[in-house]
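Read through the structure below, which is laid out as structure tokens, and then see the notes.
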Amino acid sequence: MPNTLPVQIELPPAVAETFARWLQGRADYTVNQHWNEPRYVRIEDTAKRRVAILRRFPSMFAAHQTAAQIRAQLSNQEAAQ
């Protein structure tokens, strides 16, 4: 049984973008804290290193994915208008 619960929240676009920025900031902070750890330095591709760090911290990986989803939905809404 999954330990997550899908939730749908309607937010104004400005609030949703602020929330996405906050979530992404938390994930970025975690990545920056662990960027030069020996276990990650050997990964030369920066995108793969970032994902490896985030996978070590599931809540931060979820925050990163949620921020990306929010931004994708906002861009789809803008394109539809």
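How things are named: the first chain in the structure tokens is A, the next is B, and so on; residues count from 1 in each chain; ligands count from 1 in the order shown.
Near Thr66 of chain A, within 10 Å and counting only C-alpha atoms, sit Phe19, Ala20, Leu23, Gln24, Met60 and Ala72 of chain A; same-chain residues fewer than 6 positions away were not included.
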>> Applying 12 Å and only C-alpha atoms, which residues near Trp22 of chain A remain after dropping the ones on its own chain fewer than 5 positions away? List them as a PyMOL selection string.
In response: chain A and resi 15-17+27-29+60+63-64+66-68+70
Please write the residues from the selection above to a file, keeping N, CA and C atoms, as a short mmCIF file (atom, residue, chain, number, x, y, z; two decimals), in the first residue's frame.
```
data_model
loop_
_atom_site.label_atom_id
_atom_site.label_comp_id
_atom_site.auth_asym_id
_atom_site.auth_seq_id
_atom_site.Cartn_x
_atom_site.Cartn_y
_atom_site.Cartn_z
N VAL A 15 -0.16 32.17 -6.57
CA VAL A 15 0.08 31.40 -5.35
C VAL A 15 0.71 30.05 -5.71
N ALA A 16 0.22 29.43 -6.77
CA ALA A 16 0.78 28.15 -7.19
C ALA A 16 2.25 28.30 -7.58
N GLU A 17 2.61 29.35 -8.29
CA GLU A 17 4.00 29.59 -8.67
C GLU A 17 4.86 29.85 -7.45
N ALA A 27 14.32 21.72 -2.32
CA ALA A 27 15.08 20.66 -3.01
C ALA A 27 16.47 21.16 -3.39
N ASP A 28 16.55 22.39 -3.89
CA ASP A 28 17.85 22.96 -4.28
C ASP A 28 18.78 23.08 -3.07
N TYR A 29 18.24 23.46 -1.94
CA TYR A 29 19.05 23.58 -0.72
C TYR A 29 19.66 22.23 -0.35
N MET A 60 12.42 15.33 -0.52
CA MET A 60 12.93 16.40 -1.38
C MET A 60 12.75 16.04 -2.85
N ALA A 63 9.25 16.86 -3.50
CA ALA A 63 9.09 18.31 -3.62
C ALA A 63 9.52 18.78 -5.00
N HIS A 64 10.63 18.25 -5.48
CA HIS A 64 11.14 18.61 -6.81
C HIS A 64 10.13 18.21 -7.89
N THR A 66 6.88 17.66 -7.51
CA THR A 66 5.65 18.43 -7.36
C THR A 66 5.81 19.82 -7.95
N ALA A 67 6.95 20.45 -7.71
CA ALA A 67 7.20 21.78 -8.29
C ALA A 67 7.18 21.71 -9.82
N ALA A 68 7.76 20.66 -10.38
CA ALA A 68 7.75 20.50 -11.84
C ALA A 68 6.33 20.29 -12.35
N ILE A 70 3.52 21.36 -10.93
CA ILE A 70 2.79 22.63 -10.79
C ILE A 70 3.14 23.55 -11.95
#
```
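The spacing separating atom CA of Ala79 of chain A from atom CA of Arg50 of chain A amounts to 29.3 Å.
Atom CA of Ala52 of chain A to atom CA of Tyr40 of chain A spans 7.5 Å [interatomic distance, one decimal].
Interatomic distance, atom CA of Phe57 of chain A against atom CA of Thr30 of chain A: 8.4 Å.
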> segment 2-40 of chain A: which residues are alpha helix (DSSP H) by DSSP, as a ChimeraX atom specification?
Replying inline: /A:13-34,38-40
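Proximity ranking of A:Arg26, A:His34, A:Thr4, A:Pro12 relative to Arg56 of chain A places A:His34 first, based on only C-alpha atoms.
Remark: for Val51 of chain A, the closest of the candidate residues A:Gln69, A:Gln77, A:Ile9, A:Val31 is A:Val31 (distances computed over only C-alpha atoms).
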